[in-house]
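Novice: See my_file_20.txt below, with compact mmCIF, C-alpha atoms and all ligand atoms.
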# COMPACT_ATOMS: atom_id res chain seq x y z
CA MET S 13 -34.42 142.39 28.23
CA LEU S 14 -36.37 139.13 27.93
CA LEU S 15 -40.08 139.18 27.07
CA HIS S 16 -42.51 136.30 27.41
CA LEU S 17 -44.88 136.37 24.44
CA LYS S 18 -47.68 134.14 23.26
CA PRO S 19 -46.70 132.21 20.12
CA GLU S 20 -49.20 134.16 18.04
CA GLN S 21 -47.58 137.43 19.09
CA VAL S 22 -44.16 136.57 17.73
CA GLU S 23 -43.16 138.47 14.60
CA ILE S 24 -40.41 138.27 12.02
CA GLY S 25 -37.38 140.12 13.31
CA MET S 26 -37.70 138.98 16.91
CA PHE S 27 -34.85 137.01 18.46
CA VAL S 28 -36.16 133.90 20.20
CA ASP S 29 -34.14 133.14 23.34
CA GLY S 30 -36.13 130.09 24.40
CA PHE S 31 -39.52 128.51 24.83
CA ASP S 32 -41.68 127.95 27.89
CA GLY S 33 -43.08 124.48 28.26
CA ARG S 34 -41.73 121.08 27.30
CA TRP S 35 -38.90 121.14 24.80
CA ILE S 36 -40.61 118.40 22.82
CA ASP S 37 -43.52 120.75 22.10
CA HIS S 38 -41.45 123.35 20.32
CA PRO S 39 -40.87 122.89 16.63
CA PHE S 40 -37.18 123.79 16.36
CA TRP S 41 -34.09 121.84 17.25
CA ARG S 42 -32.51 125.13 18.33
CA SER S 43 -34.01 127.31 21.00
CA ARG S 44 -32.16 130.52 20.20
CA PHE S 45 -32.47 132.10 16.78
CA LEU S 46 -33.69 135.13 14.87
CA VAL S 47 -37.12 134.73 13.29
CA GLU S 48 -36.49 135.58 9.66
CA THR S 49 -38.97 133.78 7.49
CA ALA S 50 -42.69 133.30 7.18
CA ALA S 51 -42.16 129.54 7.48
CA GLN S 52 -40.38 129.91 10.84
CA LEU S 53 -43.10 132.24 12.04
CA ALA S 54 -45.84 129.82 11.03
CA ARG S 55 -44.13 126.97 12.87
CA ILE S 56 -43.86 129.03 16.06
CA ARG S 57 -47.46 130.20 15.88
CA GLN S 58 -48.75 126.68 15.26
CA SER S 59 -46.64 125.13 18.04
CA GLU S 60 -47.86 123.83 21.38
CA VAL S 61 -45.51 125.96 23.52
CA THR S 62 -47.11 128.12 26.18
CA ALA S 63 -44.85 131.13 25.64
CA VAL S 64 -41.91 132.27 23.58
CA ILE S 65 -39.05 134.10 25.28
CA VAL S 66 -37.87 136.98 23.09
CA ASP S 67 -34.60 138.83 23.66
CA ARG S 68 -35.37 142.43 22.88
CA SER S 69 -31.73 143.47 22.68
CA ARG S 70 -31.02 140.99 19.86
CA SER S 71 -34.26 141.57 17.97
CA ARG S 72 -34.41 143.61 14.82
CA SER S 73 -37.87 145.05 15.22
CA PRO S 74 -37.98 148.76 14.41
CA HIS S 75 -40.45 149.20 17.21
CA GLY S 76 -38.28 149.30 20.28
CA ALA S 77 -41.07 150.83 22.32
CA ASP S 78 -43.41 147.98 21.40
CA LEU S 79 -40.84 145.39 22.33
CA ALA S 80 -40.28 147.05 25.68
CA GLU S 81 -43.76 146.09 26.79
CA PRO S 82 -44.50 142.49 27.59
CA TYR S 83 -47.82 141.36 26.17
CA THR S 84 -49.36 141.02 29.63
CA GLU S 85 -49.27 144.81 29.96
CA ARG S 86 -50.97 145.49 26.68
CA ARG S 87 -54.66 145.37 27.21
CA THR S 88 -57.50 146.84 25.24
CA SER S 89 -60.12 149.05 26.86
CA ASP S 90 -62.39 146.06 27.35
CA GLY S 91 -59.67 144.17 29.18
CA GLY S 92 -58.72 141.90 26.27
CA MET S 93 -55.24 141.39 24.90
CA ALA S 94 -54.06 143.78 22.22
CA PRO S 95 -51.86 142.49 19.41
CA PRO S 96 -48.59 144.14 20.37
CA TYR S 97 -46.86 144.47 17.03
CA ARG S 98 -49.45 145.65 14.59
CA GLY S 99 -47.05 148.19 13.15
CA VAL S 100 -44.51 145.54 12.33
CA GLU S 101 -46.70 143.92 9.71
CA ARG S 102 -46.99 147.11 7.67
CA ARG S 103 -43.32 148.01 7.79
CA ARG S 104 -41.82 144.56 7.57
CA ALA S 105 -41.11 144.66 3.87
CA THR S 106 -38.64 147.50 4.20
CA THR S 107 -37.24 146.64 7.57
CA PHE S 108 -36.79 142.90 7.72
CA SER S 109 -36.60 141.70 4.16
CA PRO S 110 -33.22 140.61 2.88
CA PRO S 111 -31.94 142.62 -0.05
CA LEU S 112 -34.17 141.10 -2.69
CA ARG S 113 -34.41 143.33 -5.72
CA GLU S 114 -37.76 144.08 -7.22
CA LYS S 115 -36.55 144.39 -10.80
CA ALA S 116 -37.54 141.65 -13.16
CA VAL S 117 -34.79 139.26 -14.23
CA ARG S 118 -35.25 138.14 -17.81
CA PRO S 119 -34.47 134.63 -19.02
CA ALA S 120 -31.39 134.12 -21.19
CA THR S 121 -30.12 131.36 -23.44
CA TYR S 122 -27.57 128.92 -22.05
CA ALA S 123 -24.77 130.46 -24.13
CA GLN S 124 -25.62 134.03 -23.10
CA GLU S 125 -25.89 133.17 -19.45
CA ARG S 126 -22.69 131.13 -19.45
CA ARG S 127 -20.75 134.31 -20.24
CA ARG S 128 -22.52 136.32 -17.55
CA ALA S 129 -22.27 133.45 -15.07
CA ALA S 130 -18.48 133.37 -15.59
CA ARG S 131 -18.33 137.02 -14.47
CA VAL S 132 -20.62 136.37 -11.49
CA ILE S 133 -18.46 133.41 -10.45
CA ASP S 134 -15.25 135.41 -10.76
CA LYS S 135 -16.62 138.29 -8.71
CA SER S 136 -17.97 135.89 -6.09
CA ARG S 137 -14.67 134.01 -5.93
CA ARG S 138 -12.78 137.23 -5.20
CA ALA S 139 -15.32 138.23 -2.55
CA VAL S 140 -15.07 134.80 -0.88
CA ILE S 141 -11.26 135.07 -0.87
CA ASP S 142 -11.57 138.45 0.90
CA LEU S 143 -14.08 136.97 3.31
CA PHE S 144 -11.83 134.03 4.19
CA ASP S 145 -8.75 136.30 4.51
CA SER S 146 -10.67 138.52 6.86
CA ALA S 147 -11.94 135.57 8.87
CA ARG S 148 -8.38 134.23 9.10
CA MET S 149 -7.46 137.41 10.93
CA GLY S 150 -10.35 136.83 13.31
CA ARG S 151 -12.54 139.60 11.92
CA ALA S 152 -16.30 139.17 12.10
CA VAL S 153 -18.23 138.64 8.86
CA ASP S 154 -20.37 141.44 7.52
CA GLY S 155 -23.47 139.62 6.32
CA SER S 156 -24.69 142.69 4.45
CA LYS S 157 -21.75 142.28 2.05
CA ILE S 158 -22.50 138.61 1.46
CA ALA S 159 -26.20 139.00 0.69
CA PRO S 160 -25.68 140.80 -2.68
CA LEU S 161 -23.43 137.96 -3.85
CA ALA S 162 -26.15 135.43 -3.13
CA GLN S 163 -28.56 137.75 -4.92
CA ALA S 164 -26.36 137.92 -8.04
CA ILE S 165 -25.97 134.13 -8.08
CA GLY S 166 -29.74 133.75 -7.66
CA ASP S 167 -30.32 136.16 -10.56
CA SER S 168 -28.04 134.10 -12.80
CA ILE S 169 -30.02 130.97 -11.93
CA THR S 170 -33.23 132.85 -12.72
CA ARG S 171 -31.89 133.81 -16.17
CA HIS S 172 -30.86 130.21 -16.84
CA SER S 173 -31.14 127.44 -14.30
CA ARG S 174 -28.12 125.45 -15.46
CA ALA S 175 -25.43 127.81 -16.75
CA LEU S 176 -23.79 128.89 -13.49
CA ILE S 177 -24.26 125.54 -11.75
CA ASN S 178 -22.60 123.66 -14.64
CA LEU S 179 -19.78 126.18 -14.96
CA VAL S 180 -18.82 126.38 -11.29
CA ARG S 181 -18.69 122.58 -11.06
CA LEU S 182 -15.77 122.60 -13.51
CA LYS S 183 -13.47 124.35 -11.06
CA GLN S 184 -9.73 123.76 -11.01
CA LYS S 185 -8.25 121.89 -8.05
CA ASP S 186 -6.55 124.98 -6.64
CA GLU S 187 -9.79 126.98 -6.81
CA TYR S 188 -11.81 124.48 -4.84
CA THR S 189 -11.70 126.10 -1.41
CA TYR S 190 -13.32 129.30 -2.59
CA LEU S 191 -15.44 128.16 -5.51
CA HIS S 192 -16.95 125.37 -3.42
CA SER S 193 -18.72 128.08 -1.40
CA VAL S 194 -20.02 129.69 -4.60
CA ALA S 195 -21.18 126.30 -5.92
CA VAL S 196 -22.97 125.38 -2.70
CA CYS S 197 -24.65 128.80 -2.71
CA ALA S 198 -25.96 128.18 -6.25
CA LEU S 199 -27.08 124.63 -5.44
CA MET S 200 -28.88 125.77 -2.27
CA ILE S 201 -30.72 128.54 -4.14
CA ASN S 202 -31.73 126.20 -6.97
CA PHE S 203 -32.79 123.52 -4.48
CA GLY S 204 -34.72 125.98 -2.29
CA ARG S 205 -36.64 127.25 -5.30
CA HIS S 206 -37.40 123.70 -6.40
CA LEU S 207 -38.81 123.04 -2.92
CA LYS S 208 -40.89 126.22 -3.31
CA LEU S 209 -39.47 127.86 -0.20
CA ASP S 210 -40.23 131.55 0.05
CA ASP S 211 -37.86 134.10 -1.50
CA ALA S 212 -36.42 135.24 1.82
CA GLU S 213 -35.62 131.67 2.82
CA VAL S 214 -34.00 130.97 -0.53
CA GLN S 215 -31.87 134.11 -0.19
CA ALA S 216 -30.83 133.06 3.35
CA LEU S 217 -29.91 129.60 2.05
CA GLY S 218 -27.74 131.21 -0.63
CA VAL S 219 -25.91 133.15 2.07
CA ALA S 220 -25.63 129.89 4.02
CA GLY S 221 -23.94 128.26 1.03
CA LEU S 222 -21.38 131.05 0.79
CA LEU S 223 -20.59 130.92 4.51
CA HIS S 224 -20.96 127.24 5.40
CA ASP S 225 -17.23 126.42 5.32
CA VAL S 226 -15.85 129.67 6.71
CA GLY S 227 -14.57 127.70 9.73
CA LYS S 228 -12.03 126.05 7.42
CA VAL S 229 -9.83 129.10 7.91
CA ALA S 230 -8.93 127.48 11.24
CA ILE S 231 -7.43 124.45 9.44
CA ALA S 232 -3.80 124.56 8.27
CA ASP S 233 -3.46 124.46 4.47
CA ASP S 234 -1.23 121.39 4.50
CA VAL S 235 -3.97 119.52 6.35
CA LEU S 236 -6.78 120.94 4.23
CA LEU S 237 -5.08 119.94 0.98
CA LYS S 238 -3.44 116.73 2.18
CA PRO S 239 -4.02 113.98 -0.39
CA GLY S 240 -3.31 111.07 1.96
CA LYS S 241 -4.96 109.76 5.08
CA LEU S 242 -5.29 112.22 7.94
CA THR S 243 -3.79 111.53 11.36
CA LEU S 244 -6.17 111.57 14.32
CA ARG S 245 -4.99 115.05 15.23
CA GLU S 246 -5.45 116.33 11.68
CA ARG S 247 -8.87 114.76 11.51
CA ALA S 248 -9.89 116.49 14.74
CA SER S 249 -8.74 119.78 13.24
CA VAL S 250 -10.83 119.24 10.09
CA GLU S 251 -13.87 118.17 12.08
CA GLY S 252 -13.63 121.32 14.17
CA HIS S 253 -14.49 123.59 11.25
CA PRO S 254 -18.30 123.64 11.72
CA LEU S 255 -17.92 124.78 15.34
CA ALA S 256 -15.19 127.28 14.44
CA GLY S 257 -17.31 128.73 11.64
CA HIS S 258 -20.43 128.88 13.78
CA ALA S 259 -18.55 130.68 16.56
CA LEU S 260 -17.32 133.28 14.06
CA LEU S 261 -20.73 133.79 12.47
CA ALA S 262 -22.44 134.02 15.87
CA GLN S 263 -20.35 137.13 16.61
CA SER S 264 -20.94 138.61 13.18
CA SER S 265 -23.64 140.95 11.94
CA ASP S 266 -26.57 140.35 9.60
CA ILE S 267 -26.10 136.60 9.40
CA PRO S 268 -29.36 134.72 8.70
CA ALA S 269 -30.26 131.97 11.15
CA ALA S 270 -30.21 129.53 8.23
CA ALA S 271 -26.52 130.30 7.66
CA LEU S 272 -25.63 129.65 11.31
CA GLU S 273 -27.52 126.39 11.16
CA VAL S 274 -26.05 125.13 7.87
CA CYS S 275 -22.55 126.12 9.00
CA LEU S 276 -22.88 124.11 12.21
CA ARG S 277 -24.75 121.10 10.82
CA HIS S 278 -23.65 120.43 7.25
CA HIS S 279 -21.51 117.44 8.31
CA GLU S 280 -24.16 115.77 10.44
CA LYS S 281 -25.74 112.60 9.03
CA MET S 282 -29.25 111.20 9.28
CA ASP S 283 -28.03 108.12 11.20
CA GLY S 284 -26.26 110.26 13.80
CA SER S 285 -22.74 109.32 12.69
CA GLY S 286 -21.72 112.80 11.55
CA TYR S 287 -20.05 115.67 13.38
CA PRO S 288 -19.77 117.88 15.41
CA ASP S 289 -22.56 116.55 17.64
CA GLY S 290 -23.71 113.29 16.08
CA LEU S 291 -27.24 114.58 15.67
CA GLY S 292 -29.55 112.62 13.40
CA GLY S 293 -33.12 112.08 12.23
CA ASP S 294 -35.64 114.66 13.36
CA ALA S 295 -32.97 116.61 15.21
CA LEU S 296 -31.70 117.82 11.84
CA SER S 297 -33.63 120.65 10.25
CA LEU S 298 -34.51 120.93 6.58
CA TYR S 299 -31.74 123.51 6.13
CA ALA S 300 -29.15 121.19 7.69
CA ARG S 301 -30.24 118.29 5.46
CA MET S 302 -30.15 120.47 2.36
CA GLY S 303 -26.70 121.77 3.31
CA ALA S 304 -25.34 118.24 3.75
CA ILE S 305 -26.57 117.19 0.30
CA CYS S 306 -25.34 120.29 -1.57
CA ASP S 307 -21.96 120.23 0.18
CA VAL S 308 -21.21 116.59 -0.65
CA TYR S 309 -22.60 116.81 -4.18
CA ASP S 310 -20.26 119.67 -5.06
CA ALA S 311 -17.31 118.01 -3.32
CA VAL S 312 -17.62 114.73 -5.23
CA THR S 313 -18.34 116.36 -8.60
CA SER S 314 -15.20 118.53 -8.28
CA ASP S 315 -11.62 117.56 -9.06
CA ARG S 316 -9.75 117.21 -5.77
CA PRO S 317 -6.07 116.54 -5.03
CA TYR S 318 -6.90 112.97 -4.05
CA LYS S 319 -9.77 112.15 -6.40
CA ALA S 320 -11.00 112.93 -9.90
CA ALA S 321 -14.47 114.42 -10.23
CA TRP S 322 -17.47 112.17 -10.61
CA THR S 323 -20.11 113.04 -13.16
CA PRO S 324 -23.37 114.34 -11.65
CA CYS S 325 -25.06 111.05 -12.47
CA GLU S 326 -22.29 109.02 -10.82
CA ALA S 327 -22.38 111.33 -7.80
CA LEU S 328 -26.12 111.03 -7.28
CA THR S 329 -26.01 107.26 -7.79
CA ALA S 330 -23.28 106.94 -5.16
CA MET S 331 -24.94 109.34 -2.73
CA GLN S 332 -28.18 107.41 -3.01
CA SER S 333 -26.34 104.24 -1.99
CA TRP S 334 -24.85 105.73 1.19
CA THR S 335 -27.56 104.51 3.54
CA GLY S 336 -27.97 106.68 6.62
CA HIS S 337 -26.01 109.65 5.33
CA PHE S 338 -28.68 111.79 3.69
CA ASP S 339 -32.42 112.30 3.94
CA ALA S 340 -33.28 109.90 1.07
CA PRO S 341 -36.56 111.52 -0.13
CA LEU S 342 -34.88 114.93 0.02
CA LEU S 343 -31.97 113.60 -2.03
CA ASP S 344 -34.48 112.54 -4.71
CA LYS S 345 -35.85 116.08 -4.73
CA PHE S 346 -32.33 117.45 -5.04
CA ALA S 347 -31.73 115.22 -8.08
CA ASP S 348 -35.01 116.48 -9.54
CA SER S 349 -33.91 120.09 -8.91
CA LEU S 350 -30.89 119.48 -11.14
CA GLY S 351 -32.70 117.39 -13.73
CA ILE S 352 -30.11 114.67 -13.15
CA PHE S 353 -31.04 111.23 -11.95
CA PRO S 354 -29.20 108.33 -10.40
CA VAL S 355 -28.66 105.15 -12.38
CA GLY S 356 -31.77 102.97 -12.31
CA THR S 357 -34.26 105.86 -12.08
CA LEU S 358 -37.42 105.57 -14.17
CA VAL S 359 -37.90 108.83 -16.09
CA THR S 360 -40.46 110.28 -18.47
CA LEU S 361 -39.11 111.80 -21.67
CA SER S 362 -40.58 114.78 -23.46
CA THR S 363 -41.39 112.44 -26.34
CA GLY S 364 -43.89 110.47 -24.26
CA MET S 365 -41.60 107.51 -23.68
CA LEU S 366 -40.32 106.01 -20.46
CA GLY S 367 -36.72 105.08 -19.89
CA ILE S 368 -34.28 103.92 -17.25
CA VAL S 369 -31.20 106.04 -16.52
CA THR S 370 -28.13 103.92 -17.21
CA GLY S 371 -25.32 106.41 -16.77
CA SER S 372 -23.80 109.60 -18.04
CA ALA S 373 -21.84 110.34 -21.16
CA GLY S 374 -19.23 112.93 -21.94
CA GLU S 375 -16.42 114.50 -19.94
CA ALA S 376 -18.58 117.34 -18.70
CA GLY S 377 -21.12 114.84 -17.47
CA GLU S 378 -23.95 116.93 -18.80
CA ALA S 379 -25.46 114.18 -20.90
CA ILE S 380 -27.44 111.35 -19.37
CA VAL S 381 -27.89 108.01 -21.13
CA VAL S 382 -31.40 106.62 -20.89
CA ARG S 383 -32.47 103.15 -21.99
CA VAL S 384 -35.86 103.87 -23.58
CA PHE S 385 -38.27 100.92 -23.41
CA PHE S 386 -41.90 101.96 -22.93
CA ASP S 387 -44.39 103.98 -24.99
CA CYS S 388 -46.84 105.85 -22.75
CA ASP S 389 -49.38 106.36 -25.57
CA LEU S 390 -49.48 102.70 -26.53
CA LEU S 391 -49.11 101.59 -22.92
CA ALA S 392 -46.70 98.97 -24.16
CA GLU S 393 -43.03 98.18 -24.13
CA CYS S 394 -41.02 98.81 -27.30
CA PRO S 395 -37.64 97.35 -28.34
CA PRO S 396 -35.18 99.11 -26.01
CA PHE S 397 -32.71 101.63 -27.35
CA ASP S 398 -30.23 104.04 -25.75
CA CYS S 399 -30.58 107.78 -25.95
CA ALA S 400 -28.04 110.37 -24.76
CA ILE S 401 -29.88 113.40 -23.40
CA THR S 402 -28.23 116.75 -22.81
CA GLN S 403 -29.66 119.40 -20.56
CA THR S 404 -29.18 122.11 -23.12
CA ALA S 405 -30.89 120.41 -26.06
CA ARG S 406 -34.56 121.14 -26.64
CA GLU S 407 -35.57 117.59 -27.59
CA PRO S 408 -35.65 115.03 -26.24
CA GLY S 409 -35.56 116.06 -22.62
CA ILE S 410 -36.26 114.41 -19.30
CA VAL S 411 -39.57 115.66 -18.00
CA GLY S 412 -39.05 114.11 -14.59
CA ARG S 413 -39.04 111.06 -12.41
CA ALA S 414 -41.85 108.62 -13.24
CA SER S 415 -43.74 106.46 -10.79
CA GLN S 416 -43.18 102.71 -11.11
CA LYS S 417 -46.47 102.17 -9.30
CA PHE S 418 -48.43 104.47 -11.61
CA TRP S 419 -47.16 102.64 -14.70
CA ARG S 420 -47.78 99.30 -13.00
CA PHE S 421 -44.29 97.89 -13.01
CA ASP S 422 -45.19 95.57 -10.19
CA ASP S 423 -41.83 93.86 -10.04
CA TRP S 424 -39.61 96.84 -10.70
CA PRO S 425 -36.21 95.21 -9.96
CA ALA S 426 -37.08 92.42 -12.44
CA THR S 427 -38.13 95.00 -15.06
CA VAL S 428 -34.87 96.91 -14.64
CA ALA S 429 -32.83 93.72 -14.90
CA ARG S 430 -34.69 92.63 -18.04
CA VAL S 431 -34.52 95.99 -19.81
CA LEU S 432 -30.87 96.54 -18.99
CA ALA S 433 -29.95 93.00 -20.08
CA ALA S 434 -31.63 93.44 -23.48
CA LYS S 435 -29.41 94.33 -26.42
CA PRO S 436 -30.26 97.94 -27.27
CA GLU S 437 -30.96 98.97 -30.84
CA GLY S 438 -28.33 101.72 -30.72
CA ASP S 439 -28.43 105.40 -30.08
CA ALA S 440 -31.67 106.22 -31.80
CA ARG S 441 -33.95 109.10 -31.05
CA PRO S 442 -37.35 108.18 -29.62
FE FE S 501 -17.59 121.65 5.60
What would you get if you wrote out this structure as structure tokens?
Ligand SMILES: [Fe+2]
Specialist:
Amino acid sequence: MLLHLKPEQVEIGMFVDGFDGRWIDHPFWRSRFLVETAAQLARIRQSEVTAVIVDRSRSRSPHGADLAEPYTERRTSDGGMAPPYRGVERRRATTFSPPLREKAVRPATYAQERRRAARVIDKSRRAVIDLFDSARMGRAVDGSKIAPLAQAIGDSITRHSRALINLVRLKQKDEYTYLHSVAVCALMINFGRHLKLDDAEVQALGVAGLLHDVGKVAIADDVLLKPGKLTLRERASVEGHPLAGHALLAQSSDIPAAALEVCLRHHEKMDGSGYPDGLGGDALSLYARMGAICDVYDAVTSDRPYKAAWTPCEALTAMQSWTGHFDAPLLDKFADSLGIFPVGTLVTLSTGMLGIVTGSAGEAGEAIVVRVFFDCDLLAECPPFDCAITQTAREPGIVGRASQKFWRFDDWPATVARVLAAKPEGDARP
């Protein structure tokens, strides 16, 4: 049964089947989805559409009787319109929330969490193998079994933000197919938290990471793992995986809308040259853009049959140079979320100095080399020296990206060229 509701009457848990009015006035690139987050709800309520069409049969409201009545039939005694879903607000926490646990998660040291993260990764890997095996046989996905995995990965990131993300990046070539899903889940959760998305959205994005490549079960292994160039036919098979995955998830239960979206759109590009539909620019949602970044970042920082892994710094530097592929400002935020910066980035150090990222050091790629050249207290340049900074060391650390404008480097390219051309004084500590 389809109901026509005013935007302000839509609630979390309702399945939107379409919008009345001009398509350009509605705030979503998709017209059919389950309202799952406060952010989605706010966008609907603030939109210019005249009415929202809600499919009662696909909604998850506990108040079937309420949903049976279109808003036009709900009038107060004075003839005004009654808010139709008052009960939903009170009961939403238990009915619509994803399985977010209330218990506090305590921080851990890097070494402690690395051990726990290894167990979380192993358990997740086995669950993803089961999921893919099941999907290969055409069985629908049970989203309620995936959500706890995303929760466990999110808890690990809460205990220590780097342990699991660093560990899962070091996957073996033959583990890639399954651990890539675990890695993208962790990256999406970490990125979503950095963007200060609400907890339910972050959880849904974690599930999206685990499920985004489920359509790859439709690709033959010899094509999936082929080191050489793909034939046109093989390429078509590979590029069919977002649609195949989306079709499977659309028939499955308890799949967040974010997961459907990321699954379908993680290979689209901002300039419209991606697949499956060549969408670009504003047609791509935040979730789709985040999915594209996390997916590629994990792919290029992993050892593959045809390519050795890049360090995180190399990966971000390369990704930044691929004009038109990613949402550039969002890619900067992703780098910030990992505390890793592309070559050439101006960063502030915890010691009150400014430096320019020049590369990464070490096999694990966890150390970043910064050419330190400016003292923020003295507001003056100092003789440049190189400093290798690890994420796990207490001092010195990278506080974050610094603004060239704020520090008045008016000709920034010339400053970079001059500082990088100078002979450094060696690996001293600032
Ligand atoms: Fe993919």
Novice: With all atoms listed in the file as the atoms that count, which of S:Val235, S:Ile267, S:Val196, S:Ala320 lies nearest to Gln184 of chain S?
Specialist: S:Ala320
Novice: Up to 6 Å from (-35.3, 134.1, 19.7) in the file's coordinates: name the residues, counting all atoms listed in the file, as a list in words.
Specialist: Phe27, Val28, Asp29, Arg44, Phe45, Leu46 and Val66 of chain S
Novice: Emit the selected residues as a compact mmCIF listing (two decimals), in the coordinates of the input, including C-alpha atoms.
Specialist:
# COMPACT_ATOMS: atom_id res chain seq x y z
CA PHE S 27 -34.85 137.01 18.46
CA VAL S 28 -36.16 133.90 20.20
CA ASP S 29 -34.14 133.14 23.34
CA ARG S 44 -32.16 130.52 20.20
CA PHE S 45 -32.47 132.10 16.78
CA LEU S 46 -33.69 135.13 14.87
CA VAL S 66 -37.87 136.98 23.09
Novice: Please, which residues have at least one atom within 8 Å of an atom of ligand FE 501 (chain S), using all atoms listed in the file, listed as a ChimeraX atom specification?
Specialist: /S:224-225,227-228,253-254,275,278-279,307
Novice: Would you work out the distance separating atom CA of Asp294 of chain S from atom CA of Gly336 of chain S, expressed in Å to one decimal?
Specialist: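 The value is 13.0 Å.
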Novice: Using all atoms listed in the file for the distances, tell me which of S:Leu182, S:Leu298, S:Ala434, S:Ile201 is nearest to Met282 of chain S.
Specialist: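 With all atoms listed in the file as the atom set, the closest residue is S:Leu298.
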Novice: For atom CA of Gly367 of chain S and atom CA of Leu342 of chain S, determine how far apart the two atoms are, in Å to one decimal place.
Specialist: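 The value is 22.3 Å.
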Novice: Could you check how far atom CA of Asp142 of chain S sits from atom CA of Ser265 of chain S, in Å to one decimal?
Specialist: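 We find that atom CA of Asp142 of chain S and atom CA of Ser265 of chain S lie 16.5 Å from each other.
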Novice: When you look at Ser333 of chain S with a cut-off of 12 Å (counting all atoms listed in the file), what residues show up, excluding the ones that are within fewer than 5 positions of it in the same chain? I need them as an MDAnalysis selection string.
Specialist: chainID S and resid 326:328 338:340 343:344 354:356
Novice: Using all atoms listed in the file for the distances, tell me which of S:Gln416, S:Ser193, S:Thr62, S:Ser362 is nearest to Leu143 of chain S.
Specialist: S:Ser193
Novice: Is it possible to add N, CA and C atoms to segment 242-257 of chain S and hand it back as a PDB file, in the frame of the given file?
Specialist:
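File produced: result_37.pdb:
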ATOM      1  N   LEU S 242      -5.552 111.254   6.873  1.00  0.00           N
ATOM      2  CA  LEU S 242      -5.290 112.220   7.940  1.00  0.00           C
ATOM      3  C   LEU S 242      -4.958 111.482   9.236  1.00  0.00           C
ATOM      4  N   THR S 243      -4.048 112.077  10.027  1.00  0.00           N
ATOM      5  CA  THR S 243      -3.790 111.530  11.360  1.00  0.00           C
ATOM      6  C   THR S 243      -4.991 111.886  12.245  1.00  0.00           C
ATOM      7  N   LEU S 244      -5.050 111.285  13.411  1.00  0.00           N
ATOM      8  CA  LEU S 244      -6.170 111.570  14.320  1.00  0.00           C
ATOM      9  C   LEU S 244      -6.236 113.050  14.664  1.00  0.00           C
ATOM     10  N   ARG S 245      -5.064 113.625  14.876  1.00  0.00           N
ATOM     11  CA  ARG S 245      -4.990 115.050  15.230  1.00  0.00           C
ATOM     12  C   ARG S 245      -5.479 115.931  14.072  1.00  0.00           C
ATOM     13  N   GLU S 246      -5.028 115.566  12.861  1.00  0.00           N
ATOM     14  CA  GLU S 246      -5.450 116.330  11.680  1.00  0.00           C
ATOM     15  C   GLU S 246      -6.964 116.200  11.462  1.00  0.00           C
ATOM     16  N   ARG S 247      -7.444 115.009  11.691  1.00  0.00           N
ATOM     17  CA  ARG S 247      -8.870 114.760  11.510  1.00  0.00           C
ATOM     18  C   ARG S 247      -9.690 115.604  12.505  1.00  0.00           C
ATOM     19  N   ALA S 248      -9.202 115.685  13.720  1.00  0.00           N
ATOM     20  CA  ALA S 248      -9.890 116.490  14.740  1.00  0.00           C
ATOM     21  C   ALA S 248      -9.912 117.959  14.313  1.00  0.00           C
ATOM     22  N   SER S 249      -8.811 118.394  13.704  1.00  0.00           N
ATOM     23  CA  SER S 249      -8.740 119.780  13.240  1.00  0.00           C
ATOM     24  C   SER S 249      -9.770 120.033  12.132  1.00  0.00           C
ATOM     25  N   VAL S 250      -9.853 119.106  11.180  1.00  0.00           N
ATOM     26  CA  VAL S 250     -10.830 119.240  10.090  1.00  0.00           C
ATOM     27  C   VAL S 250     -12.251 119.226  10.646  1.00  0.00           C
ATOM     28  N   GLU S 251     -12.504 118.318  11.568  1.00  0.00           N
ATOM     29  CA  GLU S 251     -13.870 118.170  12.080  1.00  0.00           C
ATOM     30  C   GLU S 251     -14.255 119.307  13.042  1.00  0.00           C
ATOM     31  N   GLY S 252     -13.309 120.162  13.324  1.00  0.00           N
ATOM     32  CA  GLY S 252     -13.630 121.320  14.170  1.00  0.00           C
ATOM     33  C   GLY S 252     -14.177 122.491  13.381  1.00  0.00           C
ATOM     34  N   HIS S 253     -14.154 122.393  12.024  1.00  0.00           N
ATOM     35  CA  HIS S 253     -14.490 123.590  11.250  1.00  0.00           C
ATOM     36  C   HIS S 253     -15.959 124.033  11.366  1.00  0.00           C
ATOM     37  N   PRO S 254     -16.935 123.120  11.546  1.00  0.00           N
ATOM     38  CA  PRO S 254     -18.300 123.640  11.720  1.00  0.00           C
ATOM     39  C   PRO S 254     -18.447 124.486  12.992  1.00  0.00           C
ATOM     40  N   LEU S 255     -17.827 124.018  14.085  1.00  0.00           N
ATOM     41  CA  LEU S 255     -17.920 124.780  15.340  1.00  0.00           C
ATOM     42  C   LEU S 255     -17.163 126.108  15.229  1.00  0.00           C
ATOM     43  N   ALA S 256     -15.986 126.057  14.583  1.00  0.00           N
ATOM     44  CA  ALA S 256     -15.190 127.280  14.440  1.00  0.00           C
ATOM     45  C   ALA S 256     -15.957 128.304  13.591  1.00  0.00           C
ATOM     46  N   GLY S 257     -16.552 127.832  12.508  1.00  0.00           N
ATOM     47  CA  GLY S 257     -17.310 128.730  11.640  1.00  0.00           C
ATOM     48  C   GLY S 257     -18.531 129.296  12.350  1.00  0.00           C
TER      49      GLY S 257
END
